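Shown next: query38.txt, given as compact mmCIF, C-alpha atoms.
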```
# COMPACT_ATOMS: atom_id res chain seq x y z
CA MET A 1 -62.60 12.59 7.21
CA ILE A 2 -64.11 12.99 10.66
CA PHE A 3 -61.37 15.12 12.25
CA SER A 4 -61.43 17.52 9.29
CA LEU A 5 -65.21 17.81 9.55
CA ILE A 6 -65.03 18.52 13.29
CA TYR A 7 -62.36 21.17 12.75
CA LEU A 8 -64.42 22.90 10.07
CA ILE A 9 -67.62 22.84 12.14
CA LEU A 10 -65.80 24.38 15.10
CA LEU A 11 -64.05 27.01 13.01
CA VAL A 12 -67.01 28.01 10.85
CA GLY A 13 -69.30 28.09 13.88
CA GLY A 14 -66.79 30.03 15.97
CA PHE A 15 -66.03 32.65 13.33
CA GLY A 16 -69.71 32.85 12.43
CA CYS A 17 -70.60 33.70 16.04
CA LEU A 18 -67.76 36.23 16.17
CA MET A 19 -68.93 37.97 13.01
CA TYR A 20 -72.55 38.06 14.19
CA PHE A 21 -72.27 39.00 17.86
CA ALA A 22 -69.45 41.50 17.30
CA ASP A 23 -71.38 43.10 14.40
CA LEU A 24 -68.41 42.53 12.12
CA TYR A 25 -70.65 41.32 9.28
CA THR A 26 -71.69 44.95 8.58
CA LYS A 27 -68.30 45.81 7.06
CA TRP A 28 -67.09 43.91 4.00
CA TYR A 29 -63.41 44.03 4.97
CA PHE A 30 -64.09 42.11 8.20
CA TYR A 31 -64.91 39.06 6.07
CA PHE A 32 -61.15 38.58 5.62
CA ILE A 33 -61.04 37.47 9.26
CA PRO A 34 -62.76 34.09 8.67
CA LEU A 35 -61.12 33.71 5.25
CA VAL A 36 -57.71 33.80 6.89
CA GLY A 37 -58.70 32.46 10.30
CA ILE A 38 -60.31 29.21 9.12
CA PRO A 39 -57.24 27.74 7.31
CA VAL A 40 -54.89 28.99 10.03
CA GLY A 41 -57.17 27.60 12.71
CA TYR A 42 -57.30 24.26 10.86
CA VAL A 43 -53.51 23.97 11.06
CA ILE A 44 -53.50 24.99 14.75
CA LEU A 45 -56.17 22.42 15.65
CA PHE A 46 -54.22 19.74 13.80
CA GLY A 47 -51.12 20.69 15.78
CA LEU A 48 -53.00 20.55 19.09
CA THR A 49 -54.49 17.18 18.19
CA LEU A 50 -51.05 15.84 17.32
CA LEU A 51 -49.66 17.21 20.59
CA PHE A 52 -52.44 15.46 22.50
CA PHE A 53 -51.63 12.11 20.91
CA VAL A 54 -47.90 12.65 21.52
CA ILE A 55 -48.70 12.98 25.23
CA VAL A 56 -51.03 9.95 25.21
CA ALA A 57 -48.44 7.86 23.35
CA LYS A 58 -45.95 8.51 26.15
CA PHE A 59 -47.91 6.02 28.23
CA ILE A 60 -47.81 3.28 25.56
CA ASN A 61 -45.13 0.62 25.87
CA ILE A 62 -43.98 0.09 22.27
CA ASP A 63 -41.94 -2.97 23.24
CA LYS A 64 -44.95 -4.85 24.59
CA ASP A 65 -46.43 -7.29 22.08
CA VAL A 66 -49.94 -6.41 20.87
CA ARG A 67 -52.14 -9.50 20.80
CA LYS A 68 -55.31 -7.71 19.72
CA PRO A 69 -54.99 -4.50 17.67
CA SER A 70 -56.99 -1.55 18.97
CA LYS A 71 -59.74 -0.38 16.62
CA ILE A 72 -59.70 3.02 18.32
CA ALA A 73 -55.96 3.39 17.70
CA ARG A 74 -56.42 2.37 14.06
CA PHE A 75 -59.21 4.95 13.70
CA ILE A 76 -56.94 7.65 15.14
CA VAL A 77 -54.04 6.63 12.86
CA ASN A 78 -56.32 6.77 9.81
CA GLN A 79 -57.65 10.20 10.77
CA MET A 80 -54.20 11.66 11.40
CA ASN A 81 -52.96 10.07 8.19
CA HIS A 82 -55.73 11.80 6.23
CA LEU A 83 -54.94 15.17 7.82
CA THR A 84 -51.24 14.75 6.99
CA ILE A 85 -52.07 14.10 3.34
CA VAL A 86 -54.33 17.16 3.20
CA LEU A 87 -51.86 19.49 4.92
CA SER A 88 -48.94 18.26 2.79
CA LEU A 89 -50.86 19.60 -0.24
CA THR A 90 -51.14 16.12 -1.72
CA ARG A 91 -53.97 15.29 -4.10
CA VAL A 92 -54.49 11.63 -4.90
CA LYS A 93 -56.20 10.00 -7.87
CA TYR A 94 -57.28 6.42 -7.24
CA LYS A 95 -57.73 4.06 -10.17
CA ASN A 96 -59.44 0.66 -10.31
CA PHE A 97 -60.38 0.70 -6.62
CA ASN A 98 -64.10 0.45 -7.43
CA GLY A 99 -63.92 -3.34 -7.64
CA PHE A 100 -61.83 -3.61 -4.49
CA SER A 101 -63.45 -5.60 -1.70
CA LYS A 102 -63.06 -3.86 1.65
CA LYS A 103 -64.53 -6.84 3.49
CA GLN A 104 -62.31 -9.58 2.08
CA PRO A 105 -58.85 -9.62 3.72
CA CYS A 106 -56.01 -9.40 1.23
CA MET A 107 -52.32 -8.72 0.90
CA ILE A 108 -51.59 -5.35 -0.69
CA ILE A 109 -48.17 -4.75 -2.22
CA TYR A 110 -46.78 -1.55 -3.75
CA ASN A 111 -43.65 -0.09 -5.33
CA HIS A 112 -41.81 1.89 -2.66
CA ILE A 113 -40.52 5.32 -3.68
CA SER A 114 -41.56 7.50 -0.72
CA ASN A 115 -42.60 7.34 2.92
CA PHE A 116 -45.98 8.58 1.73
CA ASP A 117 -46.67 5.41 -0.32
CA PRO A 118 -48.47 3.38 2.38
CA MET A 119 -50.16 6.52 3.70
CA LEU A 120 -51.93 7.07 0.38
CA ILE A 121 -53.13 3.45 0.35
CA MET A 122 -54.27 3.71 3.99
CA ASN A 123 -56.25 6.79 3.05
CA LYS A 124 -58.36 4.65 0.72
CA VAL A 125 -58.34 1.28 2.53
CA HIS A 126 -58.98 1.96 6.23
CA ARG A 127 -59.09 -1.63 7.49
CA LEU A 128 -55.40 -2.09 6.93
CA ILE A 129 -52.29 -2.98 8.91
CA CYS A 130 -48.89 -2.11 7.47
CA ILE A 131 -45.55 -3.85 7.80
CA THR A 132 -42.99 -1.13 8.40
CA LYS A 133 -39.52 -0.48 9.78
CA TYR A 134 -38.95 -0.53 13.54
CA GLY A 135 -37.77 3.10 13.56
CA ASN A 136 -41.32 4.29 12.89
CA LYS A 137 -42.30 3.08 16.35
CA LYS A 138 -40.05 5.74 17.84
CA ILE A 139 -41.73 8.67 16.08
CA PRO A 140 -43.31 10.80 18.86
CA GLY A 141 -47.05 10.21 19.05
CA VAL A 142 -47.22 8.29 15.79
CA GLY A 143 -45.10 5.38 17.02
CA GLY A 144 -47.26 4.60 20.02
CA MET A 145 -50.48 4.79 18.03
CA ILE A 146 -49.36 2.56 15.16
CA HIS A 147 -48.10 0.06 17.75
CA LYS A 148 -51.51 -0.08 19.46
CA ALA A 149 -53.18 -0.28 16.05
CA GLY A 150 -51.29 -3.52 15.44
CA TYR A 151 -48.80 -2.32 12.84
CA ILE A 152 -46.03 -4.84 12.34
CA THR A 153 -42.49 -3.50 12.59
CA ILE A 154 -39.22 -5.10 11.48
CA ASP A 155 -35.80 -4.38 12.89
CA ARG A 156 -33.58 -4.93 9.84
CA GLU A 157 -30.53 -5.55 12.01
CA HIS A 158 -32.05 -8.83 13.25
CA ASN A 159 -32.72 -11.53 10.63
CA ASP A 160 -35.33 -13.35 12.71
CA GLU A 161 -37.53 -10.25 12.78
CA GLY A 162 -38.72 -10.93 9.22
CA ILE A 163 -40.04 -14.38 10.18
CA LYS A 164 -41.84 -12.95 13.21
CA ALA A 165 -43.42 -10.24 11.07
CA ILE A 166 -44.66 -12.75 8.49
CA ASN A 167 -46.16 -14.96 11.22
CA LYS A 168 -47.90 -11.98 12.80
CA ALA A 169 -49.31 -10.90 9.42
CA ILE A 170 -50.58 -14.46 8.79
CA GLU A 171 -52.24 -14.45 12.21
CA TYR A 172 -54.05 -11.19 11.46
CA LEU A 173 -55.26 -12.43 8.07
CA GLU A 174 -56.45 -15.79 9.40
CA ASN A 175 -58.39 -14.07 12.18
CA GLY A 176 -59.90 -11.53 9.79
CA VAL A 177 -58.42 -8.60 11.74
CA ALA A 178 -57.43 -6.54 8.69
CA SER A 179 -55.70 -6.66 5.33
CA ILE A 180 -51.89 -6.48 5.24
CA CYS A 181 -49.92 -3.84 3.34
CA VAL A 182 -46.24 -4.45 2.57
CA ALA A 183 -43.54 -3.30 0.16
CA PRO A 184 -41.89 -6.44 -1.30
CA GLU A 185 -38.78 -4.42 -2.13
CA GLY A 186 -38.16 -4.18 1.60
CA THR A 187 -36.92 -0.60 1.47
CA ARG A 188 -37.48 2.63 -0.42
CA SER A 189 -35.95 3.07 -3.87
CA LYS A 190 -34.10 6.40 -3.90
CA ASP A 191 -33.59 6.54 -7.68
CA LEU A 192 -37.13 5.34 -8.60
CA LYS A 193 -35.72 2.13 -10.09
CA LEU A 194 -37.60 -1.00 -9.05
CA LEU A 195 -35.61 -3.01 -6.51
CA PRO A 196 -35.71 -6.83 -6.34
CA PHE A 197 -38.73 -8.33 -4.56
CA HIS A 198 -38.05 -10.43 -1.47
CA PRO A 199 -39.64 -13.87 -2.09
CA GLY A 200 -40.18 -14.42 1.64
CA THR A 201 -42.77 -11.64 1.63
CA PHE A 202 -45.13 -13.83 -0.37
CA ASN A 203 -45.23 -16.52 2.31
CA ILE A 204 -47.98 -14.36 3.78
CA ALA A 205 -50.19 -15.08 0.77
CA LYS A 206 -49.07 -18.67 0.28
CA ARG A 207 -49.99 -19.65 3.83
CA THR A 208 -53.33 -17.82 3.93
CA GLY A 209 -54.61 -18.02 0.34
CA VAL A 210 -55.61 -14.35 0.24
CA PRO A 211 -55.55 -12.34 -3.00
CA ILE A 212 -52.40 -10.32 -3.72
CA VAL A 213 -53.51 -6.81 -4.73
CA CYS A 214 -50.83 -4.95 -6.69
CA VAL A 215 -50.91 -1.17 -6.28
CA LEU A 216 -48.73 1.11 -8.40
CA VAL A 217 -47.95 4.47 -6.78
CA LYS A 218 -46.73 7.44 -8.80
CA ASN A 219 -45.16 10.80 -7.99
CA THR A 220 -45.13 10.39 -4.19
CA ASN A 221 -41.39 11.11 -4.26
CA MET A 222 -42.25 14.73 -5.18
CA ILE A 223 -44.35 15.47 -2.07
CA HIS A 224 -41.38 16.46 0.11
CA LYS A 225 -39.83 18.46 -2.73
CA ASN A 226 -42.99 20.40 -3.59
CA PHE A 227 -44.17 21.18 -0.05
CA PRO A 228 -45.09 23.90 0.85
CA LYS A 229 -44.74 25.70 -2.47
CA LYS A 230 -47.19 23.75 -4.59
CA ILE A 231 -49.68 20.90 -4.74
CA THR A 232 -48.41 17.43 -5.59
CA LYS A 233 -50.66 15.26 -7.73
CA CYS A 234 -50.15 11.55 -7.05
CA GLU A 235 -51.75 8.36 -8.28
CA CYS A 236 -52.61 4.98 -6.76
CA ASN A 237 -53.58 2.38 -9.32
CA ILE A 238 -54.54 -1.27 -8.77
CA ILE A 239 -52.78 -2.83 -11.74
CA TYR A 240 -53.47 -6.47 -10.96
CA THR A 241 -55.01 -8.83 -8.42
CA MET A 242 -53.45 -12.29 -8.23
CA LYS A 243 -55.91 -14.78 -6.78
CA SER A 244 -54.94 -17.88 -4.81
CA GLU A 245 -55.65 -20.28 -7.68
CA GLU A 246 -53.10 -18.38 -9.80
CA TYR A 247 -50.23 -18.75 -7.36
CA ALA A 248 -51.16 -22.02 -5.60
CA GLU A 249 -48.66 -24.06 -7.66
CA LEU A 250 -45.99 -21.36 -7.74
CA SER A 251 -43.08 -20.99 -5.34
CA THR A 252 -42.54 -17.69 -3.55
CA VAL A 253 -39.56 -17.07 -5.84
CA GLU A 254 -41.79 -17.49 -8.91
CA ILE A 255 -44.48 -15.22 -7.48
CA ALA A 256 -41.90 -12.55 -6.70
CA SER A 257 -40.45 -12.82 -10.21
CA ARG A 258 -43.81 -12.60 -11.99
CA LEU A 259 -45.04 -9.62 -9.99
CA HIS A 260 -41.70 -7.85 -10.25
CA ASP A 261 -41.88 -8.19 -14.05
CA LEU A 262 -45.45 -6.85 -13.95
CA TYR A 263 -44.39 -3.72 -12.06
CA ALA A 264 -41.35 -3.29 -14.30
CA GLN A 265 -43.62 -3.19 -17.36
CA TYR A 266 -45.82 -0.47 -15.85
CA ILE A 267 -42.91 1.58 -14.55
CA GLY A 268 -41.15 1.23 -17.89
```
If you took the structure in this file and wrote it as structure tokens, what would it be?
Amino acid sequence: MIFSLIYLILLVGGFGCLMYFADLYTKWYFYFIPLVGIPVGYVILFGLTLLFFVIVAKFINIDKDVRKPSKIARFIVNQMNHLTIVLSLTRVKYKNFNGFSKKQPCMIIYNHISNFDPMLIMNKVHRLICITKYGNKKIPGVGGMIHKAGYITIDREHNDEGIKAINKAIEYLENGVASICVAPEGTRSKDLKLLPFHPGTFNIAKRTGVPIVCVLVKNTNMIHKNFPKKITKCECNIIYTMKSEEYAELSTVEIASRLHDLYAQYIG
């Protein structure tokens, strides 16, 4: 991603100049300086970038409704998301995304086993707005940026918030702003067992006619446990795409039931 490339150009160029102008390249043991300095510098630059956005986000009113999502904010969120995945030692294998249309708006659903689940999908599908819990808005730096990027948050303590979120998602899809990503389980499964799907979630598809893209995520629950000792290998797999003609005559309860059974088969 772009931020990673900028960091590497700055670090390689900086250490290259240091080695050359300080005549350090004449001694073999001085080559350990860039070998250690580049990864350490990468982490430091990421931290400084995050600090900068934390300061900027202080001036964003997260309670003010966003009528038009900011493309710049979405770009920043995607870049920081990519850096987080890299620095968390997460390696992702994407399956069946070759036939995925990035131009056609859709509704992406996934099984929810970790906070990293939507992040991995965002890392592959950049033109994406997620439906998430309200608490994420209060994360320093991140909260302000996802708010400006148009992310839809739900306060679970208020029942009417779900209806507002669905209407906002429908508005984004109808205007071609971005695709919508949501976990139909509504919350994270702590024991990896598939939770019931909320039928109301599928009103988003029913009222817009967009395809429902089913993504199965695997092993994301191990990222927190493995970090920083070892790399975590995860998987994102598009297991099915339900087109509008397939669900046109179905109720939201029937859609939820069919797709829940589909996930249950894959999860086993």
Fill in: A:Gly41, A:Gly143, A:Gly186, A:Gly150 ranked by distance to Val54 of chain A, top pick (using all atoms listed in the file)
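When distances to Val54 of chain A are compared using all atoms listed in the file, the smallest one comes from A:Gly143.
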Worksheet entry | Two-atom distance - atom CA of Pro199 of chain A, atom CA of Pro118 of chain A (Å) |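 Computing it gives 19.9 Å between the two atoms.
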Item to complete: Step by step: start from the point (-46.8, 20.5, -3.1) in the file's coordinates, keep every protein, DNA or RNA residue that has an atom no farther than 12 Å from it, count all atoms listed in the file, and write the set as a PyMOL selection string.
Response: chain A and resi 85-92+219-234
Resulting file, chosen residues, C-alpha atoms, as a PDB file, in the frame of the given file:
```
ATOM      1  CA  ILE A  85     -52.070  14.100   3.340  1.00  0.00           C
ATOM      2  CA  VAL A  86     -54.330  17.160   3.200  1.00  0.00           C
ATOM      3  CA  LEU A  87     -51.860  19.490   4.920  1.00  0.00           C
ATOM      4  CA  SER A  88     -48.940  18.260   2.790  1.00  0.00           C
ATOM      5  CA  LEU A  89     -50.860  19.600  -0.240  1.00  0.00           C
ATOM      6  CA  THR A  90     -51.140  16.120  -1.720  1.00  0.00           C
ATOM      7  CA  ARG A  91     -53.970  15.290  -4.100  1.00  0.00           C
ATOM      8  CA  VAL A  92     -54.490  11.630  -4.900  1.00  0.00           C
ATOM      9  CA  ASN A 219     -45.160  10.800  -7.990  1.00  0.00           C
ATOM     10  CA  THR A 220     -45.130  10.390  -4.190  1.00  0.00           C
ATOM     11  CA  ASN A 221     -41.390  11.110  -4.260  1.00  0.00           C
ATOM     12  CA  MET A 222     -42.250  14.730  -5.180  1.00  0.00           C
ATOM     13  CA  ILE A 223     -44.350  15.470  -2.070  1.00  0.00           C
ATOM     14  CA  HIS A 224     -41.380  16.460   0.110  1.00  0.00           C
ATOM     15  CA  LYS A 225     -39.830  18.460  -2.730  1.00  0.00           C
ATOM     16  CA  ASN A 226     -42.990  20.400  -3.590  1.00  0.00           C
ATOM     17  CA  PHE A 227     -44.170  21.180  -0.050  1.00  0.00           C
ATOM     18  CA  PRO A 228     -45.090  23.900   0.850  1.00  0.00           C
ATOM     19  CA  LYS A 229     -44.740  25.700  -2.470  1.00  0.00           C
ATOM     20  CA  LYS A 230     -47.190  23.750  -4.590  1.00  0.00           C
ATOM     21  CA  ILE A 231     -49.680  20.900  -4.740  1.00  0.00           C
ATOM     22  CA  THR A 232     -48.410  17.430  -5.590  1.00  0.00           C
ATOM     23  CA  LYS A 233     -50.660  15.260  -7.730  1.00  0.00           C
ATOM     24  CA  CYS A 234     -50.150  11.550  -7.050  1.00  0.00           C
TER      25      CYS A 234
END
```
Worksheet entry | Interatomic distance (Å, one decimal) between atom CA of Phe3 of chain A and atom CA of Lys137 of chain A |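 Those two atoms sit 22.9 Å apart.
Computed from the coordinates, the atom CA of Leu195 of chain A to atom CA of Val253 of chain A distance equals 14.6 Å.
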Worksheet item: Leaving out Gly14 of chain A and any residue of its chain fewer than 6 positions from it, which residues lie within 12 Å of it when counting all atoms listed in the file, given as a PyMOL selection string?
Response: chain A and resi 6-8+20-22+33-34+37-38+41
